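**Q** Quick one: the structure is below, and I'll ask about it shortly.
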Amino acid sequence: MQAESLHSGRTAAQVAAAPIMALDRVSKQFGPLKALDGLSFDIRSGEILGIAGPNGAGKSTLLNVCTGVLKPTSGALSFEGQAVAGLAAHHYCGLGIARTFQIPQIFSSMSVEENVATGALFGPTERLASGAIKDRVDEALAITGLASQRRQPAGQADLLTRKRIMLAAALATEPKLVFLDEPLSGLNGEEVDIFVALFRRLHSARGLTLVVVEHKVRALADLSDRILILNAGTLLCLDRPEAMLRDARVIDIYLGARNFA
Ligand SMILES: Nc1ncnc2c1ncn2[C@@H]1O[C@H](COP(=O)(O)OP(=O)(O)O)[C@@H](O)[C@H]1O
Ligand SMILES: [Mg+2]
């Protein structure tokens, strides 16, 4: 991919600017198992970073560590130059770090907009005025295409809508950096295209930095500025998508032909 064709419209030099998050020899151990083993890399401000790798590679653990759900066993983690490893999860949210989960986590008994409002209650500014909450919710509903369904019960929503709701709730925290754990899983081809277009919109309209864990490698390569391949808790490669897709080792051993369908 040439610098001028980056999806964000930014030049390569701009995307290569200061890291928004940096990991330095981060490890996470569950008993004897090293789920993350001395990982060091930067997430660049304004980029879409794709993360792929086989089941059990440590992708979800990495997202959990980067969003404060889990504390690293060792190593350093910084956000905008500030050390954050060890802070409680709500501090991460307050700094502008949000995430979505592999399985949509929503409140089934609430309406779509009430679900999104739960996100607006957590973000960087404490005790928002109700008008400010409504503004955040309205904006998150609009950008995720949920405005017309706002009063419907979330419990009856289909999978694509549940994913939109979870994303809108994350956006309502007014994040700078959003981690998405397998956001395309379970979606059909047409729905994948809809969601990928939505990520592009978020990225360009809001200047969000996105980290996307995904098994659907073609869609991930199409979306991402760089792709990180994780294997057994270590970094196998971190490169531009076209270089990663040419890497026979990555294709044959770590991704599997079925993911290229
Ligand atoms: N809370 C946990 N306790 C013990 N082992 C875990 C826990 N979470 C993940 N693991 C293990 O860590 C490894 C990485 O898991 P995970 O991060 O979920 O991988 P991925 O998301 O890449 O499929 C796996 O072997 C998994 O069984
Ligand atoms: Mg996972």
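Scheme for the structure tokens: letters A, B, ... for chains in order shown; per-chain residue numbers from 1; ligand numbers from 1 in order shown.
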Residues up to 9 Å from ligand 2, counting only C-alpha atoms and all ligand atoms: could you list those as a list in words?

**A**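 Using only C-alpha atoms and all ligand atoms, everything at most 9 Å from ligand 2 comes to Asn55, Gly56, Ala57, Gly58, Lys59, Ser60, Thr61, Leu63, Gln102, Asp181, Glu182, Val213 and Glu214 of chain A.
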
**Q** What residues in segment 29-129 of chain A get the DSSP label strand (DSSP E or B)? Please answer as an MDAnalysis selection string.

**A** chainID A and resid 29:30 33:44 48:52 74:79 82:83 97:100 111

**Q** Pick out the closest residue to ligand 1 from this set: A:Leu180, A:Leu167, A:Ala83, A:Leu198. Count only C-alpha atoms and all ligand atoms.

**A**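 For ligand 1, the nearest of the candidates is A:Leu180.
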
**Q** Give me, as a list of chain:residue names, all polymer residues having an atom no more than 6 Å from Arg44 of chain A, counting only C-alpha atoms and skipping those fewer than 3 positions away in the same chain.

**A**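 Close residues of Arg44 of chain A: A:Pro19, A:Ile20, A:Glu47.
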
**Q** Grab the residues selected above and save them as a PDB file, in the first residue's frame with C-alpha atoms.

**A**
```
ATOM      1  CA  PRO A  19       2.604   6.080  19.834  1.00  0.00           C
ATOM      2  CA  ILE A  20      -0.725   6.398  21.615  1.00  0.00           C
ATOM      3  CA  GLU A  47      -3.717   4.004  12.814  1.00  0.00           C
TER       4      GLU A  47
END
```

**Q** So how many Å separate atom 15 (O, counted along the ligand's line) of ligand 1 and atom CA of Ala35 of chain A, to one decimal?

**A** 6.0 Å

**Q** For segment 92-99 of chain A, list every protein, DNA or RNA residue within 6 Å, evaluated using only C-alpha atoms, and leave out those in the same chain fewer than 3 positions away; present the list as an mmCIF file with all heavy atoms, in the first residue's frame.

**A**
```cif
data_model
loop_
_atom_site.group_PDB
_atom_site.id
_atom_site.type_symbol
_atom_site.label_atom_id
_atom_site.label_comp_id
_atom_site.auth_asym_id
_atom_site.auth_seq_id
_atom_site.Cartn_x
_atom_site.Cartn_y
_atom_site.Cartn_z
ATOM 1 N N ALA A 89 -9.523 -0.787 35.872
ATOM 2 C CA ALA A 89 -10.097 -0.708 34.524
ATOM 3 C C ALA A 89 -10.826 0.616 34.269
ATOM 4 O O ALA A 89 -10.758 1.158 33.169
ATOM 5 C CB ALA A 89 -11.038 -1.891 34.300
ATOM 6 N N GLY A 123 -17.052 7.764 30.693
ATOM 7 C CA GLY A 123 -15.979 8.345 29.885
ATOM 8 C C GLY A 123 -15.081 9.246 30.628
ATOM 9 O O GLY A 123 -15.057 9.243 31.841
ATOM 10 N N PRO A 124 -14.308 10.048 29.996
ATOM 11 C CA PRO A 124 -13.305 10.873 30.636
ATOM 12 C C PRO A 124 -13.883 11.902 31.607
ATOM 13 O O PRO A 124 -13.266 12.235 32.594
ATOM 14 C CB PRO A 124 -12.641 11.607 29.463
ATOM 15 C CG PRO A 124 -12.960 10.816 28.250
ATOM 16 C CD PRO A 124 -14.250 10.134 28.523
ATOM 17 N N ALA A 170 -19.442 1.802 23.484
ATOM 18 C CA ALA A 170 -18.010 2.101 23.613
ATOM 19 C C ALA A 170 -17.719 3.513 23.117
ATOM 20 O O ALA A 170 -16.969 4.275 23.747
ATOM 21 C CB ALA A 170 -17.185 1.079 22.829
ATOM 22 N N PRO A 175 -13.937 7.731 23.422
ATOM 23 C CA PRO A 175 -12.571 7.199 23.464
ATOM 24 C C PRO A 175 -11.665 7.796 22.399
ATOM 25 O O PRO A 175 -12.137 8.366 21.404
ATOM 26 C CB PRO A 175 -12.796 5.708 23.173
ATOM 27 C CG PRO A 175 -14.001 5.696 22.276
ATOM 28 C CD PRO A 175 -14.874 6.825 22.736
ATOM 29 N N LYS A 176 -10.364 7.647 22.639
ATOM 30 C CA LYS A 176 -9.359 7.972 21.620
ATOM 31 C C LYS A 176 -8.861 6.691 20.964
ATOM 32 O O LYS A 176 -8.425 6.704 19.827
ATOM 33 C CB LYS A 176 -8.163 8.671 22.276
ATOM 34 C CG LYS A 176 -8.494 9.975 22.958
ATOM 35 C CD LYS A 176 -7.260 10.465 23.718
ATOM 36 C CE LYS A 176 -7.594 11.710 24.516
ATOM 37 N NZ LYS A 176 -6.501 12.069 25.425
ATOM 38 N N LEU A 177 -8.886 5.617 21.743
ATOM 39 C CA LEU A 177 -8.334 4.332 21.313
ATOM 40 C C LEU A 177 -9.379 3.258 21.600
ATOM 41 O O LEU A 177 -9.838 3.135 22.736
ATOM 42 C CB LEU A 177 -7.049 4.067 22.111
ATOM 43 C CG LEU A 177 -6.375 2.709 22.000
ATOM 44 C CD1 LEU A 177 -5.970 2.388 20.571
ATOM 45 C CD2 LEU A 177 -5.136 2.675 22.906
ATOM 46 N N VAL A 178 -9.790 2.526 20.559
ATOM 47 C CA VAL A 178 -10.821 1.504 20.740
ATOM 48 C C VAL A 178 -10.277 0.140 20.306
ATOM 49 O O VAL A 178 -9.721 0.007 19.211
ATOM 50 C CB VAL A 178 -12.098 1.815 19.925
ATOM 51 C CG1 VAL A 178 -13.164 0.747 20.180
ATOM 52 C CG2 VAL A 178 -12.652 3.175 20.286
ATOM 53 N N PHE A 179 -10.447 -0.858 21.173
ATOM 54 C CA PHE A 179 -10.054 -2.230 20.885
ATOM 55 C C PHE A 179 -11.315 -3.033 20.553
ATOM 56 O O PHE A 179 -12.294 -2.994 21.316
ATOM 57 C CB PHE A 179 -9.378 -2.862 22.110
ATOM 58 C CG PHE A 179 -8.048 -2.256 22.436
ATOM 59 C CD1 PHE A 179 -7.955 -1.120 23.232
ATOM 60 C CD2 PHE A 179 -6.877 -2.820 21.948
ATOM 61 C CE1 PHE A 179 -6.715 -0.565 23.535
ATOM 62 C CE2 PHE A 179 -5.641 -2.274 22.248
ATOM 63 C CZ PHE A 179 -5.551 -1.146 23.046
ATOM 64 N N LEU A 180 -11.281 -3.749 19.437
ATOM 65 C CA LEU A 180 -12.434 -4.534 19.002
ATOM 66 C C LEU A 180 -12.021 -6.000 18.931
ATOM 67 O O LEU A 180 -11.099 -6.361 18.187
ATOM 68 C CB LEU A 180 -12.888 -4.064 17.609
ATOM 69 C CG LEU A 180 -13.154 -2.560 17.450
ATOM 70 C CD1 LEU A 180 -13.249 -2.175 15.989
ATOM 71 C CD2 LEU A 180 -14.428 -2.170 18.181
#
```

**Q** Could you check which of A:Asp138, A:Glu190, A:Asp42, A:Glu113 is closest to Gln152 of chain A, using only C-alpha atoms?

**A**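 Comparing A:Asp138, A:Glu190, A:Asp42, A:Glu113 against Gln152 of chain A, the winner is A:Glu113.
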
**Q** To test your reading of the structure, identify every residue in segment 10-197 of chain A that backbone DSSP assigns to helix (DSSP H, G or I), and report it as JSON, numbers by chain.

**A** {"A": [12, 13, 14, 15, 59, 60, 61, 62, 63, 64, 65, 66, 89, 90, 91, 92, 93, 94, 95, 112, 113, 114, 115, 116, 117, 118, 119, 120, 130, 131, 132, 133, 134, 135, 136, 137, 138, 139, 140, 141, 142, 143, 147, 148, 149, 154, 155, 156, 159, 160, 161, 162, 163, 164, 165, 166, 167, 168, 169, 170, 171, 189, 190, 191, 192, 193, 194, 195, 196, 197]}

**Q** Point out the residue among A:Thr67, A:Thr173, A:Ser204, A:Ser40 with the least atom-to-atom distance to Leu238 of chain A, counting only C-alpha atoms.

**A**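 Among the listed residues, the smallest separation from Leu238 of chain A belongs to A:Ser40.
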
**Q** At what distance in Å, to one decimal, does atom CA of Ala52 of chain A lie from atom CA of Val217 of chain A?

**A** 7.3 Å

**Q** Could you pull the residues within 10 Å of Leu220 of chain A, counting only C-alpha atoms, minus those fewer than 4 positions along the same chain, as a list in words?

**A**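 In the requested format, the answer is Ile48, Leu49, Gly50, Ile51, Ala52, Leu184, Val196, Val212, Val213, Glu214, His215, Lys216, Ser224, Asp225, Arg226, Ile227 and Pro241 of chain A.
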
**Q** Any idea what's packed within 12 Å of Gln156 of chain A, counting only C-alpha atoms, ignoring anything in its chain fewer than 6 positions away? Could you give it as a ChimeraX atom specification?

**A** /A:106-112,149,162

**Q** Print the selection's residues with N, CA, C and O atoms to a file, as a short mmCIF file (atom, residue, chain, number, x, y, z; two decimals), in the first residue's frame.

**A**
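result.cif was written with the following content:
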```cif
data_model
loop_
_atom_site.label_atom_id
_atom_site.label_comp_id
_atom_site.auth_asym_id
_atom_site.auth_seq_id
_atom_site.Cartn_x
_atom_site.Cartn_y
_atom_site.Cartn_z
N ILE A 106 -24.51 -6.83 26.18
CA ILE A 106 -25.50 -5.76 26.27
C ILE A 106 -26.54 -6.10 27.33
O ILE A 106 -26.65 -7.25 27.76
N PHE A 107 -27.28 -5.09 27.74
CA PHE A 107 -28.34 -5.30 28.73
C PHE A 107 -29.65 -5.55 27.99
O PHE A 107 -30.24 -4.64 27.42
N SER A 108 -30.11 -6.82 28.02
CA SER A 108 -31.26 -7.21 27.20
C SER A 108 -32.55 -6.54 27.63
O SER A 108 -33.44 -6.32 26.82
N SER A 109 -32.66 -6.20 28.91
CA SER A 109 -33.92 -5.63 29.40
C SER A 109 -34.02 -4.14 29.11
O SER A 109 -35.06 -3.53 29.33
N MET A 110 -32.94 -3.54 28.61
CA MET A 110 -32.96 -2.09 28.34
C MET A 110 -33.19 -1.83 26.86
O MET A 110 -32.99 -2.70 26.02
N SER A 111 -33.57 -0.61 26.54
CA SER A 111 -33.71 -0.22 25.15
C SER A 111 -32.32 -0.01 24.54
O SER A 111 -31.31 0.04 25.26
N VAL A 112 -32.30 0.13 23.22
CA VAL A 112 -31.04 0.39 22.51
C VAL A 112 -30.36 1.64 23.09
O VAL A 112 -29.19 1.63 23.44
N GLN A 149 -33.71 2.95 15.60
CA GLN A 149 -34.08 1.83 16.49
C GLN A 149 -33.88 2.17 17.96
O GLN A 149 -33.93 1.28 18.81
N ARG A 162 -26.86 -6.01 17.71
CA ARG A 162 -26.21 -6.14 19.04
C ARG A 162 -24.77 -5.66 18.97
O ARG A 162 -24.27 -5.01 19.88
#
```

**Q** Which polymer residues have any atom within 8 Å of an atom of segment 118-122 of chain A, counting only C-alpha atoms, with same-chain residues fewer than 4 positions away left out, as a list in words?

**A**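 Once the nearby chain positions are removed, what remains is His90, Cys93, Gly94, Glu114, Glu126, Arg127, Leu128, Ile133, Arg136, Val137, Ala168, Ala169, Ala170, Leu171, Ala172, Thr173 and Glu174 of chain A.
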
**Q** Do you have the atom CA of Ile194 of chain A-atom 16 (P, counted along the ligand's line) of ligand 1 distance handy?

**A** 26.8 Å
